[in-house]
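Participant: Have a look at this one before I ask anything.
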Amino acid sequence: MTDSSSQAAPLNGAPDTVRLVADYVVPGEGRGLVIAGGAVDIGADGRITAVGPEAELAASEPAPSRTERVGGLIAPGLVNAHAHTPMTLVRSVGDGLPLDRWLREGVWPLEGRMNPDDARAGMLAGSVEMLLGGVTTSCEMYLFEGALADATRDSGARLVMTPGVIAALAPDGDVGPRIDEIAIYHQSNHDPEARLHVGFAPHSIYDLSPEQCGEIAARAQKADALFHIHLEETQAERDLVIERHGASATQLLADHGALDGQVLAAHGVYLDAGDRRLLAEAGAAVAHCPQSNLKLGSGIADVPTLLADGVGVGVGTDGPASNDDLDMWEELRLAALLARGSHRDPTVIDAALAFELATRRAAAAIGLDDVGELRVGAWADVIAVDLDHPRMTPRRDDTLLTQLVFAGAPELVRHVWVAGERVVRDGAMVDLDVDEVRSDAQQRALRLSS
């Protein structure tokens, strides 16, 4: 896979615009469409100005200041709709335990020793892992929000930061000060132009009360921010909430006005028809995390039924302690395979839809309307995939997207741009010493577990 510039960088401080040329381009318009001999133009502001066949773009004016022929296939960066990325520092702990014991006995004791510098190191290591695998955006639910934002500024990734609210960590369960803290953080730091979006993330309705969730949702709605919550992940969780409150968690959220704004529900494995109706009517979305749900034995979310009922769906990895990686290629593939197997129907999620669940639809699920597809006006969050890799051999035009979905892997990603800025070149980070990042994370992880 080549990477060459046909023109020198612009002189005299002229705006730097670029045309990326590849053997194929996956555009934002035309479901499942792949353009042979395609190109993407990126403006000086980091947004896409044109997408189409190179011959057509070459005839248009004005021409970009430079052209880069990257070969292979250009596609939108993948979007991780639900993650706890600093958990790279506790990767793989507690294996074999169900969710409640996995949290209490495996994860929480180690996370309780974390400080902001630890969280920053874990986030940076995970952000590098994602970028090298073609993931340009992640939606994070975690504490230490400032440290996570610092880490992604260093890596160059796009971050949807939803600071966590956990009643179990609050003095006497009073989360009011934490909610105020997040509101102030949103007001001071929410800046899409700087690749940082800020929301609110109550952990769950089994940790917080319905009233507390309603209060947090009201603050999120006032700020026009994402409300991000774990919902109906396990049967035990569902049974506990119904026993405690007499209704499902989804119904309780609706009753307390928590579904009135931008809502992302992580997991959604045990949603019944009534729950799905409430989410669909509210325009809410589910973050589907198939590998984590399988590893913890939680179950399988019924994605085809969610989509048929009008619920938005995006794919995520969950945390690297329950996955145990941040590989979105595995997730989008599992999303399709599990749906086909559980419905006994190979047509329920085709390759084009599976890819959308990890790009355009995942972006929509986390509240972004200008990320996840290659179209004019969208941010130039772009990946270039190697088509000469054995996994993509033989190459056939009519099956290329299917091959990308069912044979795609992080090692195929050669180049990555976020907002038009190249952050990965020839499979390596441009501005970070990966060995240094890894060593720091390793030492901190060992300290947490000692």
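By convention in this document, the chains of the structure tokens carry letters A, B, ... by their order, each chain's residues are numbered from 1, and ligands are numbered from 1 in the order they are shown.
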A:Asp318: which residues within 8 Å, counting only C-alpha atoms, same-chain residues fewer than 2 positions away excluded, as a list of chain:residue names?

Facilitator: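 Counting only the stated atoms, we get A:His82, A:Ala83, A:His84, A:Thr85, A:Cys289, A:Ser292, A:Gly316, A:Pro320, A:Ser322, A:Asn323.
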
Participant: Using only C-alpha atoms, please write the residues we just selected to a file, as an mmCIF file, in the first residue's frame.

Facilitator:
data_model
loop_
_atom_site.group_PDB
_atom_site.id
_atom_site.type_symbol
_atom_site.label_atom_id
_atom_site.label_comp_id
_atom_site.auth_asym_id
_atom_site.auth_seq_id
_atom_site.Cartn_x
_atom_site.Cartn_y
_atom_site.Cartn_z
ATOM 1 C CA HIS A 82 -19.597 2.531 24.647
ATOM 2 C CA ALA A 83 -16.271 2.116 26.390
ATOM 3 C CA HIS A 84 -14.444 2.384 29.689
ATOM 4 C CA THR A 85 -11.040 2.648 28.068
ATOM 5 C CA CYS A 289 -21.454 -4.660 23.120
ATOM 6 C CA SER A 292 -18.399 -8.187 26.544
ATOM 7 C CA GLY A 316 -19.236 -0.618 21.200
ATOM 8 C CA PRO A 320 -11.071 -3.879 28.053
ATOM 9 C CA SER A 322 -14.631 -7.488 30.056
ATOM 10 C CA ASN A 323 -13.793 -7.815 26.380
#

Participant: Would you mind writing down, as a count of residues only, each residue of stretch 75-231 of chain A that DSSP on the backbone assigns to strand (DSSP E)?

Facilitator: 35

Participant: To one decimal in Å, tell me the separation between atom CA of A:Leu432 and atom CA of A:Tyr142.

Facilitator: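 Result for atom CA of A:Leu432 versus atom CA of A:Tyr142: 23.5 Å, one decimal.
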
Participant: With only C-alpha atoms as the counted atoms, please give the residues lying no more than 10 Å from A:Arg375, apart from itself and same-chain residues fewer than 3 positions off, as a JSON list (two decimals) with N, CA, C and O atoms, in the first residue's frame.

Facilitator:
[["chain", "number", "residue", "atom", "x", "y", "z"],
["A", 26, "VAL", "N", -15.34, 4.08, 0.36],
["A", 26, "VAL", "CA", -16.69, 3.80, 0.87],
["A", 26, "VAL", "C", -17.35, 5.15, 1.18],
["A", 26, "VAL", "O", -17.05, 5.76, 2.22],
["A", 27, "PRO", "N", -18.23, 5.66, 0.31],
["A", 27, "PRO", "CA", -18.80, 6.99, 0.52],
["A", 27, "PRO", "C", -19.96, 6.97, 1.50],
["A", 27, "PRO", "O", -20.45, 5.90, 1.88],
["A", 28, "GLY", "N", -20.40, 8.15, 1.91],
["A", 28, "GLY", "CA", -21.50, 8.23, 2.85],
["A", 28, "GLY", "C", -22.85, 8.08, 2.20],
["A", 28, "GLY", "O", -23.84, 7.78, 2.87],
["A", 29, "GLU", "N", -22.91, 8.28, 0.91],
["A", 29, "GLU", "CA", -24.18, 8.17, 0.20],
["A", 29, "GLU", "C", -24.21, 6.88, -0.61],
["A", 29, "GLU", "O", -23.23, 6.51, -1.24],
["A", 40, "VAL", "N", -11.15, 11.51, -1.77],
["A", 40, "VAL", "CA", -11.79, 12.33, -0.74],
["A", 40, "VAL", "C", -10.99, 13.62, -0.61],
["A", 40, "VAL", "O", -9.77, 13.57, -0.40],
["A", 41, "ASP", "N", -11.65, 14.75, -0.73],
["A", 41, "ASP", "CA", -11.01, 16.05, -0.54],
["A", 41, "ASP", "C", -11.26, 16.54, 0.88],
["A", 41, "ASP", "O", -12.40, 16.48, 1.37],
["A", 47, "ARG", "N", -12.67, 19.34, 7.53],
["A", 47, "ARG", "CA", -13.92, 18.73, 7.08],
["A", 47, "ARG", "C", -13.83, 18.30, 5.61],
["A", 47, "ARG", "O", -12.99, 18.83, 4.86],
["A", 48, "ILE", "N", -14.67, 17.37, 5.23],
["A", 48, "ILE", "CA", -14.67, 16.84, 3.87],
["A", 48, "ILE", "C", -15.35, 17.83, 2.93],
["A", 48, "ILE", "O", -16.44, 18.33, 3.23],
["A", 49, "THR", "N", -14.71, 18.10, 1.82],
["A", 49, "THR", "CA", -15.26, 19.04, 0.83],
["A", 49, "THR", "C", -15.75, 18.35, -0.44],
["A", 49, "THR", "O", -16.53, 18.93, -1.19],
["A", 50, "ALA", "N", -15.31, 17.11, -0.67],
["A", 50, "ALA", "CA", -15.77, 16.37, -1.86],
["A", 50, "ALA", "C", -15.46, 14.90, -1.69],
["A", 50, "ALA", "O", -14.45, 14.53, -1.08],
["A", 51, "VAL", "N", -16.34, 14.04, -2.24],
["A", 51, "VAL", "CA", -16.14, 12.59, -2.26],
["A", 51, "VAL", "C", -16.63, 12.08, -3.61],
["A", 51, "VAL", "O", -17.71, 12.47, -4.06],
["A", 52, "GLY", "N", -15.87, 11.23, -4.26],
["A", 52, "GLY", "CA", -16.33, 10.66, -5.53],
["A", 52, "GLY", "C", -15.20, 10.06, -6.32],
["A", 52, "GLY", "O", -14.06, 9.93, -5.82],
["A", 76, "PRO", "N", -14.73, 5.58, 6.40],
["A", 76, "PRO", "CA", -14.84, 6.39, 7.62],
["A", 76, "PRO", "C", -14.21, 5.67, 8.80],
["A", 76, "PRO", "O", -14.22, 4.43, 8.87],
["A", 370, "ASP", "N", -22.01, 14.55, 12.42],
["A", 370, "ASP", "CA", -21.03, 14.91, 11.41],
["A", 370, "ASP", "C", -19.78, 14.04, 11.50],
["A", 370, "ASP", "O", -18.68, 14.45, 11.17],
["A", 371, "VAL", "N", -19.98, 12.80, 11.94],
["A", 371, "VAL", "CA", -18.91, 11.82, 12.09],
["A", 371, "VAL", "C", -19.44, 10.48, 11.62],
["A", 371, "VAL", "O", -20.65, 10.22, 11.67],
["A", 372, "GLY", "N", -18.57, 9.60, 11.13],
["A", 372, "GLY", "CA", -18.97, 8.24, 10.83],
["A", 372, "GLY", "C", -19.32, 7.97, 9.39],
["A", 372, "GLY", "O", -19.70, 6.85, 9.05],
["A", 378, "ALA", "N", -18.94, 16.61, 6.64],
["A", 378, "ALA", "CA", -18.60, 15.80, 7.81],
["A", 378, "ALA", "C", -17.13, 16.00, 8.15],
["A", 378, "ALA", "O", -16.30, 16.38, 7.31],
["A", 379, "TRP", "N", -16.79, 15.72, 9.41],
["A", 379, "TRP", "CA", -15.39, 15.74, 9.80],
["A", 379, "TRP", "C", -14.62, 14.68, 9.01],
["A", 379, "TRP", "O", -15.14, 13.58, 8.77],
["A", 380, "ALA", "N", -13.39, 15.00, 8.65],
["A", 380, "ALA", "CA", -12.55, 14.06, 7.90],
["A", 380, "ALA", "C", -11.87, 13.10, 8.86],
["A", 380, "ALA", "O", -10.66, 13.15, 9.08]]

Participant: For A:Asp23, find every residue with an atom within 8 Å (counting only C-alpha atoms), except residues of its own chain fewer than 2 positions away, and show them as a list in words.

Facilitator: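 Surrounding residues, per the criterion: Val21, Val25, Ala36, Gly37, Gly38, Gly71, Gly72 and Leu73 of chain A.
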
Participant: Grab the residues selected above and save them as a short mmCIF file (atom, residue, chain, number, x, y, z; two decimals), in the first residue's frame with all heavy atoms.

Facilitator:
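Okay, this is what ended up in again.cif:
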data_model
loop_
_atom_site.label_atom_id
_atom_site.label_comp_id
_atom_site.auth_asym_id
_atom_site.auth_seq_id
_atom_site.Cartn_x
_atom_site.Cartn_y
_atom_site.Cartn_z
N VAL A 21 -6.39 9.84 -2.46
CA VAL A 21 -6.78 9.01 -3.59
C VAL A 21 -6.52 7.54 -3.25
O VAL A 21 -5.43 7.20 -2.76
CB VAL A 21 -6.01 9.40 -4.86
CG1 VAL A 21 -6.44 8.53 -6.04
CG2 VAL A 21 -6.24 10.87 -5.19
N VAL A 25 -13.19 3.73 -2.40
CA VAL A 25 -13.68 4.60 -1.34
C VAL A 25 -15.08 4.15 -0.95
O VAL A 25 -15.91 3.85 -1.82
CB VAL A 25 -13.72 6.08 -1.78
CG1 VAL A 25 -14.45 6.93 -0.75
CG2 VAL A 25 -12.30 6.61 -1.97
N ALA A 36 -14.83 2.62 -7.06
CA ALA A 36 -13.50 2.27 -7.55
C ALA A 36 -12.81 3.53 -8.05
O ALA A 36 -13.42 4.39 -8.68
CB ALA A 36 -13.61 1.23 -8.67
N GLY A 37 -11.50 3.63 -7.77
CA GLY A 37 -10.76 4.80 -8.20
C GLY A 37 -11.29 6.07 -7.57
O GLY A 37 -11.44 7.10 -8.23
N GLY A 38 -11.57 6.02 -6.27
CA GLY A 38 -12.21 7.13 -5.59
C GLY A 38 -11.23 8.07 -4.91
O GLY A 38 -10.03 7.80 -4.80
N GLY A 71 -3.63 4.45 -1.90
CA GLY A 71 -3.96 3.10 -2.33
C GLY A 71 -5.00 2.46 -1.43
O GLY A 71 -5.61 3.10 -0.58
N GLY A 72 -5.18 1.17 -1.61
CA GLY A 72 -6.10 0.42 -0.76
C GLY A 72 -7.51 0.96 -0.77
O GLY A 72 -8.03 1.36 -1.81
N LEU A 73 -8.13 0.98 0.39
CA LEU A 73 -9.52 1.41 0.53
C LEU A 73 -9.63 2.49 1.59
O LEU A 73 -9.08 2.33 2.69
CB LEU A 73 -10.41 0.22 0.88
CG LEU A 73 -11.90 0.51 1.09
CD1 LEU A 73 -12.77 -0.62 0.54
CD2 LEU A 73 -12.22 0.70 2.58
#

Participant: Per residue of stretch 181-206 of chain A within 10 Å of stretch 259-279 of chain A, record the nearest atom pair and its distance in Å to one decimal, counting only C-alpha atoms, with rows in chain order and ascending residue number, as CSV.

Facilitator:
residue,atom,partner,partner_atom,distance
A:Gly199,CA,A:Gln262,CA,9.5
A:Phe200,CA,A:Val263,CA,9.9
A:Ala201,CA,A:Leu264,CA,9.3
A:His203,CA,A:Ala266,CA,9.9
A:Ser204,CA,A:Ala265,CA,9.6
